[in-house]
file work.txt (compact mmCIF, C-alpha atoms and all ligand atoms)
# COMPACT_ATOMS: atom_id res chain seq x y z
CA MET A 25 62.67 -102.01 -64.81
CA VAL A 26 61.16 -100.23 -67.74
CA SER A 27 62.47 -100.75 -71.25
CA THR A 28 64.73 -98.04 -72.59
CA THR A 29 62.83 -97.79 -75.84
CA LEU A 30 59.96 -96.57 -73.76
CA ILE A 31 61.81 -94.39 -71.36
CA SER A 32 64.51 -91.98 -72.32
CA ASN A 33 64.10 -90.06 -69.10
CA PRO A 34 64.16 -91.54 -65.60
CA SER A 35 60.92 -89.78 -64.78
CA ALA A 36 58.48 -92.55 -65.49
CA SER A 37 55.43 -90.44 -66.10
CA GLU A 38 54.23 -88.00 -68.69
CA ALA A 39 57.91 -87.04 -69.02
CA THR A 40 58.48 -90.38 -70.60
CA ILE A 41 55.57 -89.85 -72.87
CA THR A 42 56.94 -86.61 -74.17
CA SER A 43 60.28 -87.97 -75.08
CA ALA A 44 58.73 -91.03 -76.65
CA THR A 45 55.94 -89.33 -78.53
CA PRO A 46 56.28 -88.11 -82.11
CA ASN A 47 56.13 -84.33 -82.36
CA GLY A 48 52.93 -84.55 -84.33
CA GLU A 49 51.16 -85.70 -81.22
CA ILE A 50 52.35 -82.95 -78.96
CA ASN A 51 52.37 -79.94 -81.26
CA GLY A 52 48.92 -79.07 -80.05
CA ALA A 53 50.29 -78.22 -76.65
CA ALA A 54 50.94 -74.68 -77.80
CA ASP A 55 47.64 -74.28 -79.57
CA HIS A 56 45.87 -72.68 -76.66
CA SER A 57 48.85 -70.99 -75.09
CA ASN A 58 47.63 -67.49 -75.78
CA GLY A 59 43.96 -68.12 -75.36
CA VAL A 60 43.24 -67.62 -79.05
CA HIS A 61 41.40 -70.35 -80.89
CA VAL A 62 43.81 -71.80 -83.44
CA SER A 63 42.33 -74.69 -85.32
CA LYS A 64 44.86 -77.40 -86.05
CA GLY A 65 42.42 -80.13 -86.90
CA PRO A 66 40.72 -82.75 -84.79
CA GLY A 67 42.29 -84.35 -81.75
CA ARG A 68 44.65 -81.59 -80.73
CA HIS A 69 43.43 -81.60 -77.14
CA GLN A 70 42.97 -85.31 -76.84
CA THR A 71 46.37 -86.91 -76.41
CA VAL A 72 47.36 -88.01 -72.91
CA GLY A 73 49.21 -84.90 -72.00
CA HIS A 74 46.79 -82.76 -73.76
CA LYS A 75 44.15 -82.71 -71.22
CA SER A 76 40.79 -83.36 -72.60
CA LEU A 77 38.54 -86.37 -72.48
CA LEU A 78 35.60 -84.25 -73.57
CA LYS A 79 33.64 -85.29 -76.62
CA SER A 80 35.07 -82.57 -78.84
CA ASP A 81 38.04 -80.26 -78.95
CA ASP A 82 35.74 -77.37 -79.63
CA LEU A 83 33.94 -78.01 -76.37
CA TYR A 84 37.22 -77.97 -74.48
CA GLN A 85 38.33 -74.83 -76.28
CA TYR A 86 35.03 -73.25 -75.30
CA ILE A 87 35.72 -73.96 -71.61
CA LEU A 88 39.21 -72.52 -71.87
CA GLU A 89 38.15 -69.37 -73.66
CA THR A 90 34.96 -68.74 -71.71
CA SER A 91 35.83 -69.67 -68.14
CA VAL A 92 39.55 -70.20 -67.76
CA TYR A 93 41.75 -67.84 -69.77
CA PRO A 94 39.84 -64.64 -68.95
CA ARG A 95 40.39 -65.25 -65.22
CA GLU A 96 43.88 -66.74 -65.31
CA ASN A 97 46.45 -65.06 -63.07
CA LYS A 98 49.06 -63.09 -65.07
CA ALA A 99 52.04 -65.05 -63.75
CA LEU A 100 50.25 -68.34 -64.41
CA LYS A 101 49.62 -67.22 -67.98
CA GLY A 102 53.28 -66.31 -68.37
CA LEU A 103 54.32 -69.69 -66.99
CA ARG A 104 51.90 -71.47 -69.32
CA GLU A 105 53.22 -69.61 -72.34
CA MET A 106 56.84 -70.28 -71.39
CA THR A 107 56.06 -73.96 -70.78
CA SER A 108 54.27 -74.31 -74.12
CA LYS A 109 57.66 -73.78 -75.80
CA HIS A 110 59.41 -76.39 -73.67
CA PRO A 111 60.03 -79.75 -75.34
CA TRP A 112 58.24 -81.70 -72.59
CA ASN A 113 55.24 -79.39 -72.56
CA LEU A 114 52.66 -82.13 -72.62
CA MET A 115 53.48 -82.87 -68.99
CA THR A 116 52.08 -79.59 -67.75
CA THR A 117 48.85 -79.35 -65.79
CA SER A 118 46.13 -77.87 -67.96
CA PRO A 119 44.77 -74.44 -67.01
CA ASP A 120 41.25 -75.73 -66.40
CA GLU A 121 42.63 -78.29 -63.95
CA GLY A 122 44.76 -75.59 -62.33
CA GLN A 123 41.63 -73.51 -61.85
CA PHE A 124 39.84 -76.53 -60.36
CA LEU A 125 42.67 -77.17 -57.90
CA MET A 126 42.60 -73.55 -56.78
CA MET A 127 38.87 -73.73 -56.11
CA LEU A 128 39.29 -76.96 -54.17
CA LEU A 129 42.15 -75.65 -52.04
CA LYS A 130 40.24 -72.51 -51.15
CA LEU A 131 37.09 -74.43 -50.27
CA MET A 132 39.17 -76.63 -47.98
CA ASN A 133 41.04 -73.71 -46.42
CA ALA A 134 44.18 -75.70 -47.13
CA LYS A 135 47.39 -74.36 -45.62
CA ASN A 136 50.04 -77.10 -45.64
CA THR A 137 50.40 -79.14 -48.81
CA ILE A 138 52.71 -81.50 -50.69
CA GLU A 139 53.18 -81.76 -54.44
CA LEU A 140 54.79 -84.80 -56.05
CA GLY A 141 55.86 -83.99 -59.63
CA VAL A 142 56.48 -80.32 -60.32
CA TYR A 143 57.87 -80.00 -63.89
CA THR A 144 57.83 -76.23 -64.59
CA GLY A 145 55.25 -75.66 -61.89
CA TYR A 146 51.81 -74.85 -63.28
CA SER A 147 50.01 -76.87 -60.59
CA LEU A 148 52.53 -75.66 -58.01
CA LEU A 149 51.94 -72.00 -58.81
CA SER A 150 48.17 -72.58 -58.86
CA THR A 151 48.45 -74.14 -55.41
CA ALA A 152 50.68 -71.37 -54.09
CA LEU A 153 48.22 -68.73 -55.30
CA ALA A 154 45.34 -70.49 -53.56
CA LEU A 155 47.04 -70.88 -50.17
CA PRO A 156 47.03 -68.17 -47.50
CA GLU A 157 50.10 -65.96 -47.00
CA ASP A 158 51.52 -68.34 -44.39
CA GLY A 159 50.70 -71.46 -46.42
CA LYS A 160 53.47 -73.89 -47.36
CA ILE A 161 54.00 -76.42 -50.15
CA ILE A 162 56.70 -79.07 -50.01
CA ALA A 163 57.29 -79.66 -53.71
CA MET A 164 59.19 -82.75 -54.87
CA ASP A 165 60.75 -83.62 -58.19
CA ILE A 166 63.81 -85.45 -59.46
CA ASN A 167 64.39 -82.61 -61.92
CA ARG A 168 65.31 -79.21 -60.52
CA LYS A 169 66.06 -77.61 -63.89
CA ASN A 170 62.43 -77.46 -64.98
CA PHE A 171 61.37 -76.07 -61.62
CA ASP A 172 64.05 -73.38 -61.99
CA LEU A 173 62.55 -72.38 -65.34
CA GLY A 174 59.21 -71.76 -63.68
CA TYR A 175 60.52 -70.15 -60.49
CA PRO A 176 60.65 -66.55 -61.79
CA PHE A 177 56.88 -66.72 -62.36
CA MET A 178 56.39 -67.77 -58.73
CA GLU A 179 58.47 -64.78 -57.67
CA GLN A 180 56.49 -62.54 -60.00
CA ALA A 181 53.27 -63.76 -58.38
CA GLY A 182 54.68 -62.99 -54.92
CA VAL A 183 54.21 -66.56 -53.69
CA ALA A 184 57.75 -68.00 -53.86
CA HIS A 185 58.05 -67.84 -50.05
CA LYS A 186 55.36 -70.54 -49.79
CA ILE A 187 57.40 -73.06 -51.81
CA ASP A 188 59.93 -75.49 -50.36
CA PHE A 189 61.38 -77.42 -53.33
CA ARG A 190 63.07 -80.75 -52.57
CA GLU A 191 65.03 -82.39 -55.35
CA GLY A 192 65.15 -86.18 -55.50
CA PRO A 193 63.03 -89.30 -55.87
CA GLY A 194 59.62 -88.80 -54.30
CA LEU A 195 59.77 -91.99 -52.25
CA ASP A 196 63.01 -90.91 -50.57
CA THR A 197 61.75 -87.42 -49.87
CA LEU A 198 58.53 -88.81 -48.38
CA ASP A 199 60.48 -91.28 -46.25
CA ALA A 200 62.57 -88.39 -44.92
CA LEU A 201 59.40 -86.49 -44.03
CA LEU A 202 57.99 -89.55 -42.30
CA LEU A 203 61.00 -89.74 -40.01
CA GLU A 204 59.68 -86.65 -38.24
CA LYS A 205 56.62 -87.41 -36.14
CA LYS A 206 55.35 -83.85 -36.48
CA ASN A 207 54.64 -84.49 -40.17
CA HIS A 208 52.28 -87.38 -39.47
CA GLY A 209 48.69 -86.38 -40.13
CA PHE A 210 49.88 -82.81 -40.74
CA PHE A 211 49.07 -82.04 -44.37
CA ASP A 212 45.77 -80.68 -45.69
CA PHE A 213 46.25 -81.50 -49.35
CA ILE A 214 48.64 -83.58 -51.46
CA PHE A 215 48.76 -83.47 -55.27
CA VAL A 216 50.33 -86.55 -56.86
CA ASP A 217 51.50 -86.07 -60.44
CA ALA A 218 54.86 -87.87 -60.64
CA ASP A 219 55.82 -91.39 -61.78
CA LYS A 220 52.59 -93.30 -62.28
CA ASP A 221 54.26 -96.66 -61.63
CA ASN A 222 54.89 -95.58 -58.04
CA TYR A 223 51.42 -94.29 -57.21
CA SER A 224 50.55 -97.28 -55.03
CA ASN A 225 53.90 -96.95 -53.20
CA TYR A 226 53.20 -93.27 -52.65
CA HIS A 227 49.74 -94.04 -51.36
CA GLU A 228 50.81 -95.87 -48.20
CA ARG A 229 53.23 -93.11 -47.27
CA LEU A 230 50.79 -90.32 -48.07
CA MET A 231 48.09 -91.90 -45.94
CA LYS A 232 50.39 -91.31 -42.97
CA LEU A 233 51.13 -87.71 -43.90
CA ILE A 234 47.64 -86.49 -44.81
CA LYS A 235 45.42 -85.41 -41.93
CA ILE A 236 42.04 -87.00 -41.29
CA GLY A 237 39.66 -84.86 -43.33
CA GLY A 238 42.50 -83.90 -45.69
CA MET A 239 42.57 -84.68 -49.42
CA ILE A 240 44.99 -86.48 -51.73
CA GLY A 241 44.53 -85.91 -55.48
CA TYR A 242 45.98 -88.54 -57.82
CA ASP A 243 46.34 -87.13 -61.32
CA ASN A 244 45.96 -88.83 -64.73
CA THR A 245 43.81 -91.64 -63.37
CA LEU A 246 41.85 -91.99 -66.62
CA TRP A 247 45.05 -92.23 -68.66
CA ASN A 248 43.62 -90.83 -71.86
CA GLY A 249 40.68 -93.19 -71.56
CA ALA A 250 43.02 -96.17 -71.87
CA VAL A 251 41.86 -97.60 -68.54
CA VAL A 252 39.01 -99.21 -70.48
CA ALA A 253 41.03 -100.24 -73.54
CA ALA A 254 40.77 -103.88 -74.55
CA ASP A 255 43.92 -105.99 -74.21
CA ASP A 256 44.30 -106.16 -78.00
CA GLU A 257 43.57 -102.48 -78.65
CA VAL A 258 46.40 -100.68 -80.40
CA LEU A 259 47.75 -98.00 -78.06
CA PRO A 260 50.90 -95.89 -78.13
CA LYS A 261 53.63 -97.78 -76.26
CA TYR A 262 53.75 -95.42 -73.32
CA VAL A 263 49.99 -95.51 -72.88
CA ARG A 264 50.02 -99.30 -72.94
CA TYR A 265 52.90 -99.45 -70.45
CA TYR A 266 51.42 -97.24 -67.74
CA LYS A 267 47.83 -98.41 -68.24
CA ASP A 268 48.23 -101.33 -65.83
CA TYR A 269 49.74 -99.11 -63.14
CA VAL A 270 46.93 -96.61 -63.48
CA CYS A 271 44.30 -99.37 -63.41
CA ASN A 272 46.00 -100.78 -60.33
CA ILE A 273 45.96 -97.53 -58.36
CA ASN A 274 42.31 -97.06 -59.33
CA ARG A 275 41.52 -100.48 -57.82
CA VAL A 276 43.62 -99.74 -54.74
CA LEU A 277 41.85 -96.44 -54.13
CA ALA A 278 38.38 -97.84 -54.79
CA SER A 279 38.85 -100.55 -52.17
CA ASP A 280 40.63 -98.53 -49.47
CA PRO A 281 38.25 -98.12 -46.50
CA ARG A 282 40.40 -95.32 -45.03
CA ILE A 283 39.28 -92.89 -47.73
CA GLU A 284 36.24 -91.58 -49.54
CA ILE A 285 36.88 -91.03 -53.24
CA SER A 286 35.62 -89.14 -56.24
CA GLN A 287 36.93 -89.72 -59.75
CA VAL A 288 36.71 -86.33 -61.43
CA PRO A 289 36.95 -86.50 -65.24
CA ILE A 290 38.64 -83.12 -65.68
CA SER A 291 41.78 -83.03 -67.81
CA ASP A 292 43.17 -86.60 -67.76
CA GLY A 293 41.18 -87.50 -64.66
CA ILE A 294 41.98 -86.75 -61.05
CA THR A 295 40.91 -89.03 -58.22
CA LEU A 296 40.21 -87.12 -55.04
CA CYS A 297 40.65 -89.09 -51.84
CA ARG A 298 39.46 -87.72 -48.52
CA ARG A 299 41.00 -89.46 -45.53
CA ILE A 300 38.36 -90.58 -43.06
CA LEU A 301 40.30 -93.08 -40.91
N1 LIG A 401 52.41 -81.10 -61.93
C1 LIG A 401 53.31 -80.71 -63.00
C2 LIG A 401 52.80 -79.46 -63.71
O1 LIG A 401 51.78 -78.89 -63.30
O2 LIG A 401 53.45 -79.05 -64.67
C3 LIG A 401 53.54 -81.82 -63.98
C4 LIG A 401 54.36 -82.94 -63.43
S1 LIG A 401 54.98 -84.00 -64.69
C5 LIG A 401 53.55 -84.75 -65.26
C6 LIG A 401 55.75 -85.29 -63.81
C7 LIG A 401 56.97 -84.89 -63.04
O3 LIG A 401 57.30 -85.97 -62.19
C8 LIG A 401 58.19 -84.59 -63.88
O4 LIG A 401 58.64 -83.28 -63.65
C9 LIG A 401 59.22 -85.60 -63.42
O5 LIG A 401 60.54 -85.11 -63.36
C10 LIG A 401 58.70 -85.97 -62.04
N2 LIG A 401 59.10 -87.28 -61.56
C11 LIG A 401 59.19 -88.43 -62.27
N3 LIG A 401 59.61 -89.42 -61.50
C12 LIG A 401 59.76 -88.92 -60.25
C13 LIG A 401 60.16 -89.45 -59.00
N4 LIG A 401 60.49 -90.73 -58.86
N5 LIG A 401 60.19 -88.62 -57.94
C14 LIG A 401 59.86 -87.31 -58.06
N6 LIG A 401 59.49 -86.75 -59.21
C15 LIG A 401 59.44 -87.54 -60.30
CA CA A 402 49.31 -84.72 -64.74
call {"tool": "encode", "arguments": {"input": "work.txt", "output": "structure tokens"}}
result
Amino acid sequence: MVSTTLISNPSASEATITSATPNGEINGAADHSNGVHVSKGPGRHQTVGHKSLLKSDDLYQYILETSVYPRENKALKGLREMTSKHPWNLMTTSPDEGQFLMMLLKLMNAKNTIELGVYTGYSLLSTALALPEDGKIIAMDINRKNFDLGYPFMEQAGVAHKIDFREGPGLDTLDALLLEKKNHGFFDFIFVDADKDNYSNYHERLMKLIKIGGMIGYDNTLWNGAVVAADDEVLPKYVRYYKDYVCNINRVLASDPRIEISQVPISDGITLCRRIL
């Protein structure tokens, strides 16, 4: 089990980070909520939850202002602004990653998807917007309250009918899905953004649920760059704790012959895995 000084929330992921991180580190989460450049000094985009491994904040801000905010769906913008005021806001998917997911889903013609780790739903709403009218997302999270906060924006966008939210631990919900044969090899896309210490446990289950040719995306696989930190490097406690789990899933994915992979360094890193066997 994880130490309680590290985890004040059972969601062992970025949720943990938020509750364990001094406010100073997460204040920046609201900096780009309205698309206006607000300079708050260096590093505001570069904490784990804050979505940029790029060489400068200004470069990231440039991407947001030039390519992302001007095209962001109105309901997504509303959800982002609401989420920026939530105390755990550093967990949210960044808008540039949301835009990337939408592009990917459309290119794949994805229709049936799973999301593990919803929070207030930025990646979920992005997915729902990218799916066709009869598309479906089974969305899993142990915390329904945060999903409920985001739900009105999904209704506003006219995509709530695509979302099937299931409250509870991801492993249990996946095991329930696996009991039905029809779910095996059924899903086009699965986005994994829940408890990082369970990623390798999720992987074996998800390999049964994803179709051959389908894609699983594991999020935060660069873990704020900490995957290459030396053993004696000083890291925030939460970064240090999850580093080994993230490094482990990276090894597991790199050596799995059933998939082709691409490590995409957007946001905090997403590893795309296409099932081939
Ligand atoms: N994708 C979300 C977004 O776009 O805002 C962010 C997800 S957040 C990083 C991680 C989520 O995983 C939290 O909402 C947390 O409650 C959930 N979580 C943590 N442990 C979980 C578990 N064992 N099963 C399901 N969800 C879990
Ligand atoms: Ca994430």
call {"tool": "atom_distance", "arguments": {"input": "work.txt", "atom1": "atom CA of A:Phe189", "atom2": "atom CA of A:Ile161"}}
result
8.1 Å
call {"tool": "closest_residue", "arguments": {"input": "work.txt", "among": "A:Asp243, A:Asp81, A:Asp188, A:Asp219", "to": "ligand CA 402 (chain A)", "atoms": "all atoms listed in the file"}}
result
A:Asp243
call {"tool": "atom_distance", "arguments": {"input": "work.txt", "atom1": "atom CA of A:Thr245", "atom2": "atom CA of A:Asn272"}}
result
9.9 Å
call {"tool": "closest_atom_pairs", "arguments": {"input": "work.txt", "of": "chain A", "to": "ligand CA 402 (chain A)", "cutoff": "12 Å", "atoms": "all atoms listed in the file", "output": "tab-separated table"}}
result
residue	atom	partner	partner_atom	distance
A:Ser37	CA	A:CA402	CA	8.5
A:Glu38	CA	A:CA402	CA	7.1
A:Ala39	CA	A:CA402	CA	9.9
A:Ile41	CA	A:CA402	CA	11.5
A:Val72	CA	A:CA402	CA	9.0
A:Gly73	CA	A:CA402	CA	7.3
A:His74	CA	A:CA402	CA	9.6
A:Lys75	CA	A:CA402	CA	8.5
A:Ser76	CA	A:CA402	CA	11.7
A:Asn113	CA	A:CA402	CA	11.2
A:Leu114	CA	A:CA402	CA	8.9
A:Met115	CA	A:CA402	CA	6.2
A:Thr116	CA	A:CA402	CA	6.6
A:Thr117	CA	A:CA402	CA	5.5
A:Ser118	CA	A:CA402	CA	8.2
A:Pro119	CA	A:CA402	CA	11.5
A:Glu121	CA	A:CA402	CA	9.3
A:Gly122	CA	A:CA402	CA	10.5
A:Glu139	CA	A:CA402	CA	11.4
A:Leu140	CA	A:CA402	CA	10.3
A:Gly141	CA	A:CA402	CA	8.3
A:Val142	CA	A:CA402	CA	9.5
A:Tyr143	CA	A:CA402	CA	9.8
A:Gly145	CA	A:CA402	CA	11.2
A:Tyr146	CA	A:CA402	CA	10.3
A:Ser147	CA	A:CA402	CA	8.9
A:Leu148	CA	A:CA402	CA	11.7
A:Phe215	CA	A:CA402	CA	9.6
A:Val216	CA	A:CA402	CA	8.2
A:Asp217	CA	A:CA402	CA	5.0
A:Ala218	CA	A:CA402	CA	7.6
A:Asp219	CA	A:CA402	CA	9.8
A:Lys220	CA	A:CA402	CA	9.5
A:Gly241	CA	A:CA402	CA	10.5
A:Tyr242	CA	A:CA402	CA	8.6
A:Asp243	CA	A:CA402	CA	5.1
A:Asn244	CA	A:CA402	CA	5.3
A:Thr245	CA	A:CA402	CA	8.9
A:Leu246	CA	A:CA402	CA	10.6
A:Trp247	CA	A:CA402	CA	9.5
A:Asn248	CA	A:CA402	CA	11.0
A:Ile290	CA	A:CA402	CA	10.8
A:Ser291	CA	A:CA402	CA	8.3
A:Asp292	CA	A:CA402	CA	7.1
A:Gly293	CA	A:CA402	CA	8.6
A:Ile294	CA	A:CA402	CA	8.5
A:Thr295	CA	A:CA402	CA	11.5
call {"tool": "atom_distance", "arguments": {"input": "work.txt", "atom1": "atom CA of A:Glu89", "atom2": "atom CA of A:Pro289"}}
result
19.1 Å
call {"tool": "residues_around", "arguments": {"input": "work.txt", "residues": "A:Met132", "least_positions_apart": "6", "cutoff": "9 Å", "atoms": "only C-alpha atoms", "output": "PyMOL selection string"}}
result
chain A and resi 212-213+238-239
call {"tool": "write_last_selection", "arguments": {"input": "work.txt", "atoms": "C-alpha atoms", "output": "PDB file, keeping the file's coordinate frame"}}
result
ATOM      1  CA  ASP A 212      45.770 -80.680 -45.690  1.00  0.00           C
ATOM      2  CA  PHE A 213      46.250 -81.500 -49.350  1.00  0.00           C
ATOM      3  CA  GLY A 238      42.500 -83.900 -45.690  1.00  0.00           C
ATOM      4  CA  MET A 239      42.570 -84.680 -49.420  1.00  0.00           C
TER       5      MET A 239
END
call {"tool": "closest_residue", "arguments": {"input": "work.txt", "among": "A:Arg168, A:Arg229, A:Lys206, A:His185", "to": "ligand LIG 401 (chain A)", "atoms": "all atoms listed in the file"}}
result
A:Arg168
call {"tool": "closest_residue", "arguments": {"input": "work.txt", "among": "A:Asn167, A:Gln123, A:Thr137, A:Thr107", "to": "A:Ile214", "atoms": "all atoms listed in the file"}}
result
A:Thr137
call {"tool": "residues_around", "arguments": {"input": "work.txt", "residues": "A:Ala181", "least_positions_apart": "3", "cutoff": "7 Å", "atoms": "only C-alpha atoms", "output": "tab-separated table (two decimals) with C-alpha atoms, in the coordinates of the input"}}
result
chain	number	residue	atom	x	y	z
A	99	ALA	CA	52.04	-65.05	-63.75
A	177	PHE	CA	56.88	-66.72	-62.36
A	178	MET	CA	56.39	-67.77	-58.73
call {"tool": "closest_residue", "arguments": {"input": "work.txt", "among": "A:Gln287, A:Thr144, A:Thr151, A:Ser279", "to": "A:Pro176", "atoms": "all atoms listed in the file"}}
result
A:Thr144
call {"tool": "axis_aligned_box", "arguments": {"input": "work.txt", "around": "stretch 215-228 of chain A", "padding_each_side": "3 Å", "output": "AutoDock Vina command-line options"}}
result
--center_x 52.3 --center_y -90.4 --center_z -55.2 --size_x 13.1 --size_y 19.8 --size_z 20.1
call {"tool": "residues_around", "arguments": {"input": "work.txt", "residues": "A:Ala250", "least_positions_apart": "2", "cutoff": "10 Å", "atoms": "all atoms listed in the file", "output": "PyMOL selection string"}}
result
chain A and resi 72+245-248+252-254+257+259+263-264+266-268+270-271
call {"tool": "write_last_selection", "arguments": {"input": "work.txt", "atoms": "C-alpha atoms", "output": "CSV table (one decimal), in the frame of the given file"}}
result
chain,number,residue,atom,x,y,z
A,72,VAL,CA,47.4,-88.0,-72.9
A,245,THR,CA,43.8,-91.6,-63.4
A,246,LEU,CA,41.8,-92.0,-66.6
A,247,TRP,CA,45.0,-92.2,-68.7
A,248,ASN,CA,43.6,-90.8,-71.9
A,252,VAL,CA,39.0,-99.2,-70.5
A,253,ALA,CA,41.0,-100.2,-73.5
A,254,ALA,CA,40.8,-103.9,-74.6
A,257,GLU,CA,43.6,-102.5,-78.6
A,259,LEU,CA,47.8,-98.0,-78.1
A,263,VAL,CA,50.0,-95.5,-72.9
A,264,ARG,CA,50.0,-99.3,-72.9
A,266,TYR,CA,51.4,-97.2,-67.7
A,267,LYS,CA,47.8,-98.4,-68.2
A,268,ASP,CA,48.2,-101.3,-65.8
A,270,VAL,CA,46.9,-96.6,-63.5
A,271,CYS,CA,44.3,-99.4,-63.4
call {"tool": "residues_near_point", "arguments": {"input": "work.txt", "point": "(43.1, -79.4, -48.6)", "cutoff": "12 Å", "atoms": "only C-alpha atoms", "output": "mmCIF file with C-alpha atoms, keeping the file's coordinate frame"}}
result
data_model
loop_
_atom_site.group_PDB
_atom_site.id
_atom_site.type_symbol
_atom_site.label_atom_id
_atom_site.label_comp_id
_atom_site.auth_asym_id
_atom_site.auth_seq_id
_atom_site.Cartn_x
_atom_site.Cartn_y
_atom_site.Cartn_z
ATOM 1 C CA LEU A 125 42.670 -77.170 -57.900
ATOM 2 C CA MET A 126 42.600 -73.550 -56.780
ATOM 3 C CA MET A 127 38.870 -73.730 -56.110
ATOM 4 C CA LEU A 128 39.290 -76.960 -54.170
ATOM 5 C CA LEU A 129 42.150 -75.650 -52.040
ATOM 6 C CA LYS A 130 40.240 -72.510 -51.150
ATOM 7 C CA LEU A 131 37.090 -74.430 -50.270
ATOM 8 C CA MET A 132 39.170 -76.630 -47.980
ATOM 9 C CA ASN A 133 41.040 -73.710 -46.420
ATOM 10 C CA ALA A 134 44.180 -75.700 -47.130
ATOM 11 C CA LYS A 135 47.390 -74.360 -45.620
ATOM 12 C CA ASN A 136 50.040 -77.100 -45.640
ATOM 13 C CA THR A 137 50.400 -79.140 -48.810
ATOM 14 C CA ILE A 138 52.710 -81.500 -50.690
ATOM 15 C CA GLU A 139 53.180 -81.760 -54.440
ATOM 16 C CA THR A 151 48.450 -74.140 -55.410
ATOM 17 C CA ALA A 154 45.340 -70.490 -53.560
ATOM 18 C CA LEU A 155 47.040 -70.880 -50.170
ATOM 19 C CA PRO A 156 47.030 -68.170 -47.500
ATOM 20 C CA GLY A 159 50.700 -71.460 -46.420
ATOM 21 C CA LYS A 160 53.470 -73.890 -47.360
ATOM 22 C CA ILE A 161 54.000 -76.420 -50.150
ATOM 23 C CA PHE A 210 49.880 -82.810 -40.740
ATOM 24 C CA PHE A 211 49.070 -82.040 -44.370
ATOM 25 C CA ASP A 212 45.770 -80.680 -45.690
ATOM 26 C CA PHE A 213 46.250 -81.500 -49.350
ATOM 27 C CA ILE A 214 48.640 -83.580 -51.460
ATOM 28 C CA PHE A 215 48.760 -83.470 -55.270
ATOM 29 C CA ILE A 234 47.640 -86.490 -44.810
ATOM 30 C CA LYS A 235 45.420 -85.410 -41.930
ATOM 31 C CA ILE A 236 42.040 -87.000 -41.290
ATOM 32 C CA GLY A 237 39.660 -84.860 -43.330
ATOM 33 C CA GLY A 238 42.500 -83.900 -45.690
ATOM 34 C CA MET A 239 42.570 -84.680 -49.420
ATOM 35 C CA ILE A 240 44.990 -86.480 -51.730
ATOM 36 C CA GLY A 241 44.530 -85.910 -55.480
ATOM 37 C CA LEU A 296 40.210 -87.120 -55.040
ATOM 38 C CA CYS A 297 40.650 -89.090 -51.840
ATOM 39 C CA ARG A 298 39.460 -87.720 -48.520
ATOM 40 C CA ARG A 299 41.000 -89.460 -45.530
#
call {"tool": "closest_residue", "arguments": {"input": "work.txt", "among": "A:His227, A:Lys109, A:Lys169, A:Lys186", "to": "ligand LIG 401 (chain A)", "atoms": "only C-alpha atoms and all ligand atoms"}}
result
A:Lys169
call {"tool": "closest_residue", "arguments": {"input": "work.txt", "among": "A:Ser108, A:Ser286, A:Gln180, A:Asn207", "to": "ligand LIG 401 (chain A)", "atoms": "all atoms listed in the file"}}
result
A:Ser108
call {"tool": "build_atoms", "arguments": {"input": "work.txt", "residues": "stretch 186-197 of chain A", "atoms": "N, CA and C atoms", "output": "compact mmCIF listing (two decimals), in the coordinates of the input"}}
result
# COMPACT_ATOMS: atom_id res chain seq x y z
N LYS A 186 56.19 -69.41 -50.25
CA LYS A 186 55.36 -70.54 -49.79
C LYS A 186 55.94 -71.89 -50.26
N ILE A 187 56.95 -71.83 -51.14
CA ILE A 187 57.40 -73.06 -51.81
C ILE A 187 58.72 -73.57 -51.26
N ASP A 188 58.73 -74.82 -50.87
CA ASP A 188 59.93 -75.49 -50.36
C ASP A 188 60.21 -76.64 -51.32
N PHE A 189 61.11 -76.41 -52.29
CA PHE A 189 61.38 -77.42 -53.33
C PHE A 189 62.40 -78.43 -52.83
N ARG A 190 62.12 -79.70 -52.98
CA ARG A 190 63.07 -80.75 -52.57
C ARG A 190 63.36 -81.65 -53.77
N GLU A 191 64.62 -81.63 -54.16
CA GLU A 191 65.03 -82.39 -55.35
C GLU A 191 65.34 -83.84 -54.96
N GLY A 192 64.82 -84.78 -55.75
CA GLY A 192 65.15 -86.18 -55.50
C GLY A 192 63.93 -87.06 -55.73
N PRO A 193 64.15 -88.38 -55.68
CA PRO A 193 63.03 -89.30 -55.87
C PRO A 193 61.96 -89.09 -54.80
N GLY A 194 60.72 -89.07 -55.22
CA GLY A 194 59.62 -88.80 -54.30
C GLY A 194 59.59 -89.75 -53.11
N LEU A 195 59.85 -91.03 -53.36
CA LEU A 195 59.77 -91.99 -52.25
C LEU A 195 60.77 -91.65 -51.17
N ASP A 196 61.99 -91.26 -51.57
CA ASP A 196 63.01 -90.91 -50.57
C ASP A 196 62.62 -89.66 -49.80
N THR A 197 62.11 -88.68 -50.53
CA THR A 197 61.75 -87.42 -49.87
C THR A 197 60.59 -87.66 -48.89
